[in-house]
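Input: a single structure, listed below in structure tokens.
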Amino acid sequence: MPVEIGRKERGTGVVVTITWDNCQKLNIVNSAAIEELTAAIAGLEEDDSVRAVILRGAGKKAFIGGADINEMAACDAESAEAFISGLHGLMKAIRECRVPVIAAIDGYCLGAGMEVAAACDIRIAGEDAKFGMPEVKVGIPSVIEAALLPRLIGWGKASYLIYTGATIDVRTARDWGFIERMVTSDSLFEIAEDMATEIAKAGPAAIRIQKQLLKVWEEEPLEEGIEAGIEAFAAAYETGEPQAMMQAFLAKKKGAA
């Protein structure tokens with residue numbers, strides 16, 4: 001079950017692509033896959049050259065088609081807790097990655113796949129993508145990062161998906177606000193790379209500070225989020241990045257005049 005890691009120099013650093021390849025089984029994930037993917041993302045933590053990450057599934061049939069039912073069917077309460085804790089660890093690694101993670105979604109994005117996508121910072125999808133949370137249909141509740149869905153699409157739509165196990169198409173996912181862009185399947189990865197390149201052109205310290213701040217905005221009350229922004233603004237100047245980038249901008253503007 002290989003995890004492929006690609007690196008391309010873009011902007012001020014490197015864009016990393018992580019591809020999960022279990023395409024013969026709709027890129028479903030079991031414990032071994034979860035461990036490999038978590039290690040791949042966590043392994044970027046100390047690499048200061050990384051500017052953005054693209055997460056994708058191999059082939060065109062699925063991003064991640066869900067968790068491995070064969071493994072889950074053999075669980076008892078103890079092993080079930082271990083399995084779901086490991087899956088949460090993968091999504092936590094995505095959310096705590098210091099740089100933005102872009103989900104490039106093609107084909108089925110179901111259950112654990114939709115939760116992995118929800119944990120990413122930006123989601124773009126091909127025209128054939130399908131989304132759903134079918135866990136209740138096999139006797140388990142939707143848990144862990146399914147808790148992000150009400151924040152992304154609202155309580156009513158999240159409740160509909162989770163209670164019915166329904167599958168929605170990419171246009172519905174876009175209209176509900178789950179994905180940011182719908183593109184053709186053939187252009188999906190290219191557009192994801194373009195998006196990652198734009199991020200890579202920005203100030204690397206600013207992007208990392210911004211990601212931390214967005215998490216505060218998500219979790220804390222409004223006033224605390226605003227106050228955290230003031231601290232983040234001042235902290236950016238401690239890096240020296242605003243001074244250097246603004247002077248370069250002004251010099252370029254002056255030269256063009």
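Residues are named by chain letter and number: chains run A, B, ... in the order of the structure tokens, numbers start at 1 in each chain, and ligands are numbered from 1 in the order shown.
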Give me the residues near Glu36 of chain A as a PDB file with N, CA, C and O atoms, in the first residue's frame, where near means some atom within 10 Å (using only C-alpha atoms) and where sequence neighbours in that chain fewer than 5 positions away do not count.
ATOM      1  N   MET A   1       0.848  -1.185   0.000  1.00  0.00           N
ATOM      2  CA  MET A   1       0.000   0.000   0.000  1.00  0.00           C
ATOM      3  C   MET A   1       0.889   1.242   0.000  1.00  0.00           C
ATOM      4  O   MET A   1       1.135   1.843   1.041  1.00  0.00           O
ATOM      5  N   PRO A   2       1.401   1.629  -1.156  1.00  0.00           N
ATOM      6  CA  PRO A   2       2.394   2.697  -1.161  1.00  0.00           C
ATOM      7  C   PRO A   2       1.800   4.088  -0.990  1.00  0.00           C
ATOM      8  O   PRO A   2       0.725   4.404  -1.495  1.00  0.00           O
ATOM      9  N   VAL A   3       2.536   4.891  -0.247  1.00  0.00           N
ATOM     10  CA  VAL A   3       2.288   6.326  -0.184  1.00  0.00           C
ATOM     11  C   VAL A   3       3.396   6.977  -0.994  1.00  0.00           C
ATOM     12  O   VAL A   3       4.577   6.837  -0.677  1.00  0.00           O
ATOM     13  N   TRP A  20      -2.031   8.615  -2.107  1.00  0.00           N
ATOM     14  CA  TRP A  20      -2.330   7.303  -1.528  1.00  0.00           C
ATOM     15  C   TRP A  20      -2.777   6.378  -2.654  1.00  0.00           C
ATOM     16  O   TRP A  20      -3.727   6.680  -3.384  1.00  0.00           O
ATOM     17  N   SER A  31      -5.545   0.190   8.925  1.00  0.00           N
ATOM     18  CA  SER A  31      -4.626   0.690   9.944  1.00  0.00           C
ATOM     19  C   SER A  31      -3.230   0.946   9.390  1.00  0.00           C
ATOM     20  O   SER A  31      -2.585   1.939   9.740  1.00  0.00           O
ATOM     21  N   ILE A  41       2.763  12.810   6.455  1.00  0.00           N
ATOM     22  CA  ILE A  41       2.428  14.205   6.763  1.00  0.00           C
ATOM     23  C   ILE A  41       3.263  14.721   7.933  1.00  0.00           C
ATOM     24  O   ILE A  41       3.838  15.810   7.881  1.00  0.00           O
ATOM     25  N   ALA A  42       3.369  13.920   8.977  1.00  0.00           N
ATOM     26  CA  ALA A  42       4.154  14.326  10.138  1.00  0.00           C
ATOM     27  C   ALA A  42       5.623  14.502   9.773  1.00  0.00           C
ATOM     28  O   ALA A  42       6.325  15.332  10.364  1.00  0.00           O
ATOM     29  N   LEU A  90      -4.445  10.723  11.973  1.00  0.00           N
ATOM     30  CA  LEU A  90      -4.149  11.158  10.614  1.00  0.00           C
ATOM     31  C   LEU A  90      -4.745  12.536  10.349  1.00  0.00           C
ATOM     32  O   LEU A  90      -4.074  13.438   9.832  1.00  0.00           O
TER      33      LEU A  90
END
Could you give me, as a count of residues only, the residues within 12 Å of Val14 of chain A, counting only C-alpha atoms and dropping anything in the same chain fewer than 4 positions from it? 23
Contacts of Ala147 of chain A at 10 Å or less, counting only C-alpha atoms, minus same-chain residues fewer than 6 places along, as a JSON list (two decimals) with N, CA and C atoms, in the first residue's frame?
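Saved to part-v8.json:
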[["chain", "number", "residue", "atom", "x", "y", "z"],
["A", 115, "GLU", "N", -14.04, 12.90, 5.75],
["A", 115, "GLU", "CA", -13.47, 13.49, 6.96],
["A", 115, "GLU", "C", -12.04, 13.96, 6.72],
["A", 118, "ALA", "N", -12.35, 17.11, 4.87],
["A", 118, "ALA", "CA", -12.78, 18.17, 5.77],
["A", 118, "ALA", "C", -11.62, 18.70, 6.61],
["A", 158, "ALA", "N", -25.42, 18.74, 7.35],
["A", 158, "ALA", "CA", -24.59, 17.71, 7.98],
["A", 158, "ALA", "C", -25.47, 16.60, 8.57]]
Which is closest to Glu145 of chain A among A:Ala192, A:Ile209, A:Ile179, A:Ala93, if we use only C-alpha atoms? A:Ala93
Give me, as a tab-separated table, the closest atom pair and its distance (Å, one decimal) for every residue of segment 174-207 of chain A within a cut-off of 12 Å of segment 234-248 of chain A, counting only C-alpha atoms, rows sorted by chain and rising number.
residue	atom	partner	partner_atom	distance
A:Lys201	CA	A:Met245	CA	11.1
A:Ala202	CA	A:Met245	CA	9.4
A:Gly203	CA	A:Glu241	CA	6.8
A:Pro204	CA	A:Glu241	CA	8.5
A:Ala205	CA	A:Ala236	CA	7.1
A:Ala206	CA	A:Ala236	CA	6.4
A:Ile207	CA	A:Ala236	CA	9.9
When DSSP is applied to the backbone of this structure, which of segment 2-149 of chain A are assigned alpha helix (DSSP H)? Write them out as a count of residues only. 46
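Coordinates place atom CA of Arg56 of chain A at a distance of 5.0 Å from atom CA of Thr19 of chain A.
Closest to Ile34 of chain A among A:Val216, A:Val16, A:Ala112, A:Ala80 is A:Ala112, based on only C-alpha atoms.
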